[in-house]
$ cat work-v1.txt   # compact mmCIF, C-alpha atoms and all ligand atoms
# COMPACT_ATOMS: atom_id res chain seq x y z
CA MET A 1222 10.40 -117.56 48.48
CA PRO A 1223 13.10 -119.87 49.98
CA LEU A 1224 16.06 -120.41 47.72
CA ASP A 1225 16.04 -124.22 47.90
CA PHE A 1226 18.76 -124.70 45.32
CA LEU A 1227 21.26 -122.96 47.60
CA LYS A 1228 20.41 -125.31 50.48
CA ARG A 1229 20.66 -128.32 48.23
CA LYS A 1230 24.17 -127.41 47.16
CA LYS A 1231 25.31 -127.14 50.77
CA ASP A 1232 23.80 -130.48 51.81
CA ASP A 1233 24.82 -132.44 48.74
CA GLY A 1234 28.22 -134.09 49.35
CA ASP A 1235 28.68 -134.92 45.65
CA SER A 1236 28.20 -131.39 44.53
CA PRO A 1237 31.17 -130.08 42.54
CA THR A 1238 30.42 -126.61 43.86
CA PRO A 1239 32.58 -125.81 46.88
CA ALA A 1240 30.83 -124.66 50.02
CA ALA A 1241 30.28 -120.96 50.22
CA PRO A 1242 32.91 -119.10 52.18
CA ALA A 1243 32.04 -118.06 55.70
CA ALA A 1244 29.59 -115.21 55.86
CA THR A 1245 31.16 -111.84 56.34
CA GLY A 1246 29.77 -108.46 55.47
CA SER A 1247 26.57 -107.70 53.64
CA ALA A 1248 27.19 -109.56 50.37
CA VAL A 1249 25.81 -112.90 51.64
CA LEU A 1250 22.47 -114.11 50.38
CA PRO A 1251 20.03 -114.68 53.23
CA GLU A 1252 18.09 -117.95 53.52
CA GLU A 1253 15.00 -116.12 52.36
CA VAL A 1254 14.87 -113.08 50.11
CA VAL A 1255 12.48 -110.47 51.41
CA ALA A 1256 10.80 -109.12 48.29
CA GLN A 1257 8.98 -105.87 47.93
CA ASP A 1258 6.26 -106.39 45.37
CA PHE A 1259 5.25 -103.75 42.85
CA LEU A 1260 2.10 -104.01 40.76
CA LEU A 1261 0.02 -101.79 38.53
CA LYS A 1262 -3.34 -103.04 37.34
CA LEU A 1263 -4.73 -101.06 34.42
CA TYR A 1264 -8.33 -101.75 33.55
CA TYR A 1265 -9.77 -100.55 30.24
CA ALA A 1266 -13.28 -101.41 29.12
CA GLY A 1267 -15.79 -100.24 26.57
CA LYS A 1268 -18.89 -101.07 24.59
CA THR A 1269 -20.07 -100.44 21.05
CA SER A 1270 -23.61 -100.68 19.72
CA GLU A 1271 -24.99 -102.08 16.51
CA GLY A 1272 -24.56 -99.83 13.52
CA VAL A 1273 -27.12 -97.40 12.17
CA ARG A 1274 -27.15 -96.93 8.41
CA MET A 1275 -27.38 -93.27 7.42
CA ARG A 1276 -28.47 -91.70 4.14
CA THR A 1277 -25.26 -90.20 2.92
CA GLY A 1278 -24.99 -86.71 1.62
CA PRO A 1279 -23.01 -83.56 2.11
CA ASN A 1280 -24.51 -83.11 5.58
CA ALA A 1281 -23.77 -86.61 6.87
CA MET A 1282 -20.51 -85.63 8.61
CA VAL A 1283 -21.89 -82.30 9.81
CA GLU A 1284 -24.70 -84.11 11.61
CA LEU A 1285 -22.43 -86.26 13.79
CA PRO A 1286 -21.75 -83.87 16.72
CA SER A 1287 -25.50 -83.24 17.14
CA MET A 1288 -25.91 -86.91 18.10
CA LEU A 1289 -24.26 -86.18 21.47
CA VAL A 1290 -26.47 -83.22 22.34
CA GLY A 1291 -28.04 -83.82 25.75
CA LEU A 1292 -25.43 -86.44 26.69
CA ALA A 1293 -22.11 -84.59 26.38
CA LYS A 1294 -20.67 -83.20 29.61
CA SER A 1295 -17.78 -81.44 27.88
CA GLU A 1296 -16.99 -79.90 24.52
CA ILE A 1297 -17.82 -82.28 21.64
CA GLU A 1298 -14.68 -83.00 19.62
CA VAL A 1299 -14.36 -84.53 16.15
CA VAL A 1300 -11.41 -86.88 15.50
CA GLU A 1301 -10.95 -87.47 11.80
CA PRO A 1302 -9.50 -90.64 10.25
CA LEU A 1303 -5.72 -90.63 10.18
CA PRO A 1304 -3.90 -90.20 6.87
CA ILE A 1305 -1.26 -92.67 5.75
CA GLU A 1306 1.67 -90.87 7.44
CA PHE A 1307 0.05 -91.77 10.77
CA SER A 1308 -0.83 -95.35 9.85
CA GLN A 1309 1.41 -96.81 12.60
CA ALA A 1310 0.17 -94.45 15.34
CA THR A 1311 -0.34 -96.37 18.58
CA PRO A 1312 -0.64 -95.04 22.15
CA THR A 1313 2.17 -97.28 23.42
CA ILE A 1314 5.04 -95.29 24.86
CA ALA A 1315 7.52 -98.20 24.77
CA ARG A 1316 7.32 -98.09 20.96
CA PRO A 1317 8.71 -94.61 20.31
CA SER A 1318 8.09 -94.44 16.56
CA GLU A 1319 4.43 -95.47 16.92
CA ALA A 1320 4.01 -93.29 20.02
CA MET A 1321 5.48 -90.24 18.25
CA GLN A 1322 3.05 -90.70 15.36
CA TRP A 1323 0.21 -90.97 17.86
CA LEU A 1324 1.27 -87.82 19.73
CA ASN A 1325 1.78 -85.88 16.52
CA ALA A 1326 -1.70 -86.91 15.40
CA HIS A 1327 -3.52 -86.21 18.67
CA HIS A 1328 -1.62 -83.66 20.79
CA ALA A 1329 -4.05 -80.90 19.81
CA HIS A 1330 -7.07 -82.75 21.17
CA SER A 1331 -8.43 -82.24 24.67
CA PRO A 1332 -7.30 -84.45 27.60
CA ILE A 1333 -10.74 -86.08 27.51
CA THR A 1334 -10.44 -87.05 23.86
CA ARG A 1335 -6.85 -88.29 24.27
CA HIS A 1336 -7.91 -90.42 27.24
CA ALA A 1337 -10.85 -91.78 25.22
CA LEU A 1338 -8.55 -92.64 22.30
CA VAL A 1339 -6.04 -94.42 24.57
CA VAL A 1340 -8.81 -96.53 26.11
CA LEU A 1341 -10.82 -97.22 22.93
CA GLU A 1342 -7.82 -97.83 20.66
CA SER A 1343 -6.19 -100.09 23.26
CA ILE A 1344 -9.28 -102.30 23.37
CA ASP A 1345 -9.79 -101.99 19.59
CA ALA A 1346 -13.23 -100.38 19.88
CA VAL A 1347 -12.36 -97.64 17.40
CA ASP A 1348 -9.91 -97.71 14.49
CA LEU A 1349 -8.92 -94.36 13.04
CA ALA A 1350 -7.81 -96.00 9.80
CA PHE A 1351 -11.47 -95.72 8.82
CA ASP A 1352 -13.45 -94.31 11.77
CA THR A 1353 -14.44 -90.73 12.35
CA PHE A 1354 -14.87 -90.39 16.10
CA ILE A 1355 -17.11 -87.86 17.86
CA CYS A 1356 -16.08 -87.67 21.50
CA SER A 1357 -17.04 -86.12 24.82
CA LEU A 1358 -17.08 -86.78 28.54
CA LEU A 1359 -20.37 -88.59 29.23
CA ASP A 1360 -20.29 -89.33 32.96
CA GLY A 1361 -18.01 -88.73 35.94
CA GLU A 1362 -15.31 -86.24 36.76
CA VAL A 1363 -11.97 -85.03 35.45
CA ASP A 1364 -8.91 -84.43 37.63
CA THR A 1365 -7.27 -81.03 38.14
CA SER A 1366 -5.37 -81.44 34.84
CA GLY A 1367 -8.57 -82.14 32.94
CA TYR A 1368 -8.04 -85.90 32.49
CA PRO A 1369 -11.01 -88.20 33.19
CA GLU A 1370 -10.98 -90.24 36.39
CA TYR A 1371 -10.82 -94.03 36.01
CA ASN A 1372 -14.57 -94.39 36.48
CA ALA A 1373 -15.53 -91.54 34.15
CA VAL A 1374 -17.27 -92.69 30.97
CA VAL A 1375 -16.10 -91.15 27.69
CA GLY A 1376 -17.08 -91.77 24.10
CA GLY A 1377 -19.71 -90.87 21.58
CA VAL A 1378 -20.21 -91.86 17.96
CA ALA A 1379 -17.88 -93.70 15.58
CA ALA A 1380 -18.76 -93.47 11.90
CA HIS A 1381 -17.31 -95.17 8.85
CA TRP A 1382 -18.30 -95.67 5.23
CA ASP A 1383 -19.71 -99.05 4.35
CA GLU A 1384 -17.50 -100.68 1.73
CA ALA A 1385 -20.40 -102.34 -0.08
CA THR A 1386 -22.86 -99.47 -0.36
CA GLY A 1387 -20.97 -96.29 0.49
CA ASP A 1388 -23.52 -95.52 3.21
CA MET A 1389 -22.30 -94.02 6.42
CA ILE A 1390 -22.59 -96.44 9.35
CA CYS A 1391 -22.73 -94.90 12.83
CA ARG A 1392 -22.33 -96.79 16.07
CA ALA A 1393 -22.40 -95.70 19.69
CA VAL A 1394 -19.09 -96.16 21.54
CA VAL A 1395 -18.33 -95.75 25.24
CA GLY A 1396 -15.23 -96.53 27.25
CA TRP A 1397 -13.64 -96.03 30.66
CA GLY A 1398 -10.72 -97.18 32.71
CA GLY A 1399 -7.37 -96.55 34.29
CA ARG A 1400 -5.88 -97.32 37.67
CA GLY A 1401 -9.02 -98.71 39.22
CA VAL A 1402 -12.43 -100.14 38.55
CA ARG A 1403 -15.85 -99.62 40.06
CA GLY A 1404 -18.75 -102.04 39.93
CA ASP A 1405 -21.41 -99.62 38.69
CA THR A 1406 -19.42 -98.14 35.77
CA ASP A 1407 -20.44 -100.98 33.44
CA ARG A 1408 -24.11 -100.32 34.11
CA ILE A 1409 -23.67 -96.56 33.57
CA GLY A 1410 -21.80 -97.32 30.34
CA SER A 1411 -24.64 -99.51 29.07
CA LYS A 1412 -27.18 -96.81 29.83
CA LEU A 1413 -25.13 -94.17 28.00
CA LEU A 1414 -24.61 -96.50 25.03
CA ALA A 1415 -28.41 -96.86 24.75
CA GLY A 1416 -28.81 -93.08 25.00
CA ILE A 1417 -26.34 -92.44 22.17
CA LEU A 1418 -27.92 -95.13 19.99
CA THR A 1419 -31.33 -93.53 20.58
CA ASN A 1420 -29.90 -90.17 19.44
CA ILE A 1421 -28.36 -91.73 16.32
CA LEU A 1422 -31.64 -93.42 15.40
CA ALA A 1423 -33.52 -90.15 15.97
CA ASN A 1424 -31.34 -88.37 13.40
CA GLN A 1425 -33.19 -87.27 10.27
CA TYR A 1426 -30.80 -89.27 8.03
CA ALA A 1427 -31.01 -92.54 9.99
CA MET A 1428 -32.37 -95.52 8.04
CA GLY A 1429 -32.26 -98.16 10.80
CA LEU A 1430 -30.05 -100.71 12.50
CA THR A 1431 -27.56 -102.71 10.50
CA ALA A 1432 -24.87 -105.26 11.23
CA VAL A 1433 -21.48 -103.59 11.47
CA GLU A 1434 -18.82 -105.09 9.25
CA ARG A 1435 -15.73 -103.11 10.00
CA PRO A 1436 -13.34 -102.69 7.10
CA MET A 1437 -10.07 -104.57 7.50
CA PRO A 1438 -7.18 -102.20 6.89
CA ALA A 1439 -4.09 -103.73 5.35
CA ALA A 1440 -1.03 -102.96 7.44
CA GLY A 1441 1.40 -100.42 6.05
CA ARG A 1442 -0.01 -100.29 2.54
CA GLY A 1443 -2.88 -98.26 1.22
CA GLY A 1444 -1.93 -94.94 -0.25
CA LEU A 1445 -5.00 -94.25 -2.36
CA VAL A 1446 -5.37 -90.49 -2.62
CA CYS A 1447 -8.87 -89.04 -2.67
CA ALA A 1448 -9.46 -86.99 -5.83
CA HIS A 1449 -12.06 -84.91 -3.99
CA CYS A 1450 -10.37 -83.85 -0.75
CA GLY A 1451 -6.73 -84.98 -1.21
CA PHE A 1452 -6.81 -87.36 1.76
CA ALA A 1453 -4.22 -90.16 1.47
CA SER A 1454 -5.92 -93.21 2.91
CA ALA A 1455 -3.95 -95.79 4.86
CA HIS A 1456 -6.72 -98.20 4.09
CA GLU A 1457 -5.94 -100.57 1.22
CA ARG A 1458 -9.45 -101.91 0.70
CA ALA A 1459 -11.27 -98.60 0.92
CA PHE A 1460 -13.66 -97.84 -1.91
CA TYR A 1461 -14.77 -94.66 -0.17
CA CYS A 1462 -12.57 -91.92 1.22
CA PRO A 1463 -12.52 -92.34 5.02
CA LYS A 1464 -12.50 -88.58 5.39
CA CYS A 1465 -15.07 -87.20 2.93
CA GLY A 1466 -16.93 -90.35 1.91
CA MET A 1467 -16.51 -89.80 -1.84
CA ARG A 1468 -15.62 -92.74 -4.07
CA LEU A 1469 -11.88 -93.32 -4.37
CA LEU A 1470 -10.56 -93.67 -7.90
CA ARG A 1471 -8.16 -96.53 -8.44
CA GLY A 1472 -5.25 -95.95 -10.77
ZN ZN B 1501 -11.89 -87.51 0.34

$ encode --input "work-v1.txt" --output "C-alpha cells"
Amino acid sequence: MPLDFLKRKKDDGDSPTPAAPAATGSAVLPEEVVAQDFLLKLYYAGKTSEGVRMRTGPNAMVELPSMLVGLAKSEIEVVEPLPIEFSQATPTIARPSEAMQWLNAHHAHSPITRHALVVLESIDAVDLAFDTFICSLLDGEVDTSGYPEYNAVVGGVAAHWDEATGDMICRAVVGWGGRGVRGDTDRIGSKLLAGILTNILANQYAMGLTAVERPMPAAGRGGLVCAHCGFASAHERAFYCPKCGMRLLRG
C-alpha cells in the first residue's frame, strides 16, 4: 500500500512539517512498504437435531452411551455437566482464568472429546451448564497425537432435563473443523446426525420428537445444591439437577 500521506507532506508547500532529511542508512521509509501477510482461518461447524423426549428413570443416564453403538469410531466418553466452580470455563486461551477452568474440567478427557468440546462449545451447540454430552469420533482420522483432523466428524448425544416436565431430552450433535474445510464434510455430518437421531428414537425409553427449549443459565449465579447427589448447579433456573435429574429443593 503506498503511503500517500508521506508524499503529500513533501509536495505541500504550506505544510508545517519540514522536509525529511536526506536518506542515509536503513532507517528511511521506502515509497511502498512491502508487507508479508499472515492469516489463519479457523472453520468450526456443527449440527444438532430436534430433541427426543425420554421416559426418565434411574436408567436414563446409563442408556446414553448405547445410542452411539454402531456409529462410534473411538471410545465413547461421557462428559457430565460442570459444577458451579467451573461455571466460567471457556476454551479461549487468551482468557487465562476461563481457560484454566476449562483445562481443569476437561484435561482428563481424550483428545477427541477435547476437540469436540472446543468446536461445539465455540459454536454454542452444547452447553455444559446443563448438558450431559456423550462423545466419540464418528468419521475421519486422527493425527499422530490422537487429535481429529479438520474434516473428521465428532459428536454424539447431548442430553438435558426439561425444565417444565423433568423429562430427559436427547438431541443428536455433530461437529467438525480446524485449519481447513472440505466440501463433503457437511453432507457426512448430516448423514451422521440422522444416524444418531435414529438410534435415540430406537431407544426403549424414547417417547418421540419434541421441540428443544434449552434452559437459559444465569451467568455467575446459581449455586443450588442437589440434595440427592450433592452437585452444585451453576444453573440458576434449574428445577432438576443437571447431573442426576432429581428435583432440586429451593431453600
Ligand atoms: Zn443431583

$ atom_distance --input "work-v1.txt" --atom1 "atom CA of Cys1391 of chain A" --atom2 "atom CA of Val1273 of chain A"
5.1 Å

$ closest_residue --input "work-v1.txt" --among "A:Gly1429, A:Gly1399, A:Gly1367, A:Gly1416" --to "Val1290 of chain A" --atoms "all atoms listed in the file"
A:Gly1416

$ atom_distance --input "work-v1.txt" --atom1 "atom CA of Tyr1461 of chain A" --atom2 "atom CA of Asp1383 of chain A"
8.0 Å

$ residues_near_ligand --input "work-v1.txt" --ligand "ligand ZN 1501 (chain B)" --cutoff "12 Å" --atoms "all atoms listed in the file" --output "MDAnalysis selection string"
chainID A and resid 1279 1301:1302 1304 1351 1382 1445:1454 1459:1470

$ closest_residue --input "work-v1.txt" --among "A:Ala1423, A:Asn1372, A:Ile1355, A:Glu1298" --to "Ile1409 of chain A" --atoms "all atoms listed in the file"
A:Asn1372

$ atom_distance --input "work-v1.txt" --atom1 "atom CA of Ala1248 of chain A" --atom2 "atom CA of Leu1260 of chain A"
27.4 Å

$ residues_around --input "work-v1.txt" --residues "Lys1262 of chain A" --least-positions-apart "2" --cutoff "12 Å" --atoms "all atoms listed in the file" --output "number ranges by chain"
A: 1259-1260, 1264-1265, 1371, 1398-1402

$ closest_residue --input "work-v1.txt" --among "A:Gly1377, A:Ile1390, A:Ile1305, A:Thr1365" --to "Tyr1426 of chain A" --atoms "only C-alpha atoms"
A:Ile1390

$ closest_residue --input "work-v1.txt" --among "A:Ile1314, A:Ala1337, A:Ala1432, A:Met1321" --to "Leu1359 of chain A" --atoms "only C-alpha atoms"
A:Ala1337

$ closest_residue --input "work-v1.txt" --among "A:Gly1396, A:Ala1256, A:Thr1277, A:Ser1411" --to "Val1347 of chain A" --atoms "only C-alpha atoms"
A:Gly1396

$ closest_residue --input "work-v1.txt" --among "A:Ala1310, A:Val1363, A:Leu1285, A:Val1375" --to "Asp1348 of chain A" --atoms "only C-alpha atoms"
A:Ala1310

$ axis_aligned_box --input "work-v1.txt" --around "segment 1367-1383 of chain A" --padding-each-side "6 Å" --output "AutoDock Vina command-line options"
--center_x -14.1 --center_y -90.6 --center_z 20.4 --size_x 24.2 --size_y 28.9 --size_z 44.1

$ residues_around --input "work-v1.txt" --residues "Leu1414 of chain A" --least-positions-apart "2" --cutoff "9 Å" --atoms "all atoms listed in the file" --output "list in words"
Lys1268, Thr1269, Ser1270, Gly1376, Gly1377, Ala1393, Val1394, Val1395, Ile1409, Gly1410, Ser1411, Lys1412, Gly1416, Ile1417, Leu1418 and Thr1419 of chain A

$ decode --input "work-v1.txt" --residues "segment 1277-1369 of chain A" --atoms "C-alpha atoms" --output "short mmCIF file (atom, residue, chain, number, x, y, z; two decimals), in the first residue's frame"
data_model
loop_
_atom_site.label_atom_id
_atom_site.label_comp_id
_atom_site.auth_asym_id
_atom_site.auth_seq_id
_atom_site.Cartn_x
_atom_site.Cartn_y
_atom_site.Cartn_z
CA THR A 1277 -36.94 -40.66 32.85
CA GLY A 1278 -35.84 -43.16 35.40
CA PRO A 1279 -32.74 -44.46 37.08
CA ASN A 1280 -31.53 -45.94 33.79
CA ALA A 1281 -31.96 -42.81 31.67
CA MET A 1282 -28.33 -41.69 32.02
CA VAL A 1283 -26.97 -45.22 31.76
CA GLU A 1284 -28.67 -45.64 28.39
CA LEU A 1285 -26.92 -42.68 26.73
CA PRO A 1286 -23.65 -44.32 25.57
CA SER A 1287 -25.61 -47.15 23.89
CA MET A 1288 -27.07 -44.58 21.49
CA LEU A 1289 -23.69 -44.35 19.73
CA VAL A 1290 -23.25 -48.08 19.24
CA GLY A 1291 -22.62 -48.78 15.56
CA LEU A 1292 -21.59 -45.17 14.87
CA ALA A 1293 -18.68 -44.57 17.25
CA LYS A 1294 -15.20 -44.97 15.78
CA SER A 1295 -13.43 -44.48 19.11
CA GLU A 1296 -14.11 -44.99 22.79
CA ILE A 1297 -17.45 -43.46 23.84
CA GLU A 1298 -16.86 -40.84 26.54
CA VAL A 1299 -19.38 -39.23 28.90
CA VAL A 1300 -18.90 -35.53 29.75
CA GLU A 1301 -21.01 -34.56 32.74
CA PRO A 1302 -22.44 -31.08 33.37
CA LEU A 1303 -19.96 -28.76 35.03
CA PRO A 1304 -20.45 -27.78 38.67
CA ILE A 1305 -20.51 -24.14 39.74
CA GLU A 1306 -16.73 -23.86 40.30
CA PHE A 1307 -16.32 -24.35 36.55
CA SER A 1308 -19.14 -22.01 35.52
CA GLN A 1309 -16.76 -19.67 33.64
CA ALA A 1310 -14.89 -22.44 31.82
CA THR A 1311 -14.27 -21.44 28.19
CA PRO A 1312 -11.79 -22.89 25.68
CA THR A 1313 -10.25 -19.48 24.95
CA ILE A 1314 -6.56 -19.37 25.78
CA ALA A 1315 -6.36 -15.56 25.76
CA ARG A 1316 -8.63 -15.53 28.82
CA PRO A 1317 -6.42 -17.37 31.31
CA SER A 1318 -8.91 -17.66 34.17
CA GLU A 1319 -11.63 -19.12 31.92
CA ALA A 1320 -9.09 -21.28 30.08
CA MET A 1321 -7.68 -22.67 33.34
CA GLN A 1322 -11.17 -23.63 34.49
CA TRP A 1323 -11.76 -25.32 31.15
CA LEU A 1324 -8.48 -27.25 31.31
CA ASN A 1325 -9.06 -28.27 34.91
CA ALA A 1326 -12.51 -29.53 33.94
CA HIS A 1327 -11.51 -31.40 30.79
CA HIS A 1328 -7.81 -32.37 30.87
CA ALA A 1329 -8.68 -35.97 31.71
CA HIS A 1330 -10.79 -36.46 28.60
CA SER A 1331 -9.44 -37.90 25.37
CA PRO A 1332 -8.05 -35.65 22.60
CA ILE A 1333 -11.16 -36.48 20.56
CA THR A 1334 -13.53 -35.31 23.29
CA ARG A 1335 -11.50 -32.15 23.98
CA HIS A 1336 -11.50 -31.30 20.28
CA ALA A 1337 -15.27 -31.92 20.14
CA LEU A 1338 -15.82 -29.65 23.16
CA VAL A 1339 -13.69 -26.85 21.66
CA VAL A 1340 -15.66 -26.99 18.41
CA LEU A 1341 -19.15 -27.49 19.87
CA GLU A 1342 -18.75 -25.03 22.76
CA SER A 1343 -17.24 -22.40 20.44
CA ILE A 1344 -20.29 -22.57 18.16
CA ASP A 1345 -22.65 -22.90 21.15
CA ALA A 1346 -24.01 -26.29 20.09
CA VAL A 1347 -23.56 -27.76 23.57
CA ASP A 1348 -23.63 -26.03 26.95
CA LEU A 1349 -22.22 -27.97 29.87
CA ALA A 1350 -24.12 -25.79 32.34
CA PHE A 1351 -26.99 -28.20 31.70
CA ASP A 1352 -25.94 -30.71 29.01
CA THR A 1353 -24.56 -34.17 29.53
CA PHE A 1354 -22.53 -34.93 26.42
CA ILE A 1355 -21.81 -38.40 25.04
CA CYS A 1356 -18.93 -38.14 22.57
CA SER A 1357 -16.92 -40.15 20.08
CA LEU A 1358 -15.12 -39.89 16.76
CA LEU A 1359 -17.78 -40.53 14.10
CA ASP A 1360 -15.93 -40.12 10.79
CA GLY A 1361 -12.41 -39.38 9.56
CA GLU A 1362 -8.96 -39.72 11.02
CA VAL A 1363 -6.92 -38.55 13.98
CA ASP A 1364 -3.34 -37.26 13.74
CA THR A 1365 -0.34 -38.96 15.35
CA SER A 1366 -1.17 -37.27 18.69
CA GLY A 1367 -4.73 -38.57 18.61
CA TYR A 1368 -6.42 -35.27 17.72
CA PRO A 1369 -9.09 -35.32 14.98
#
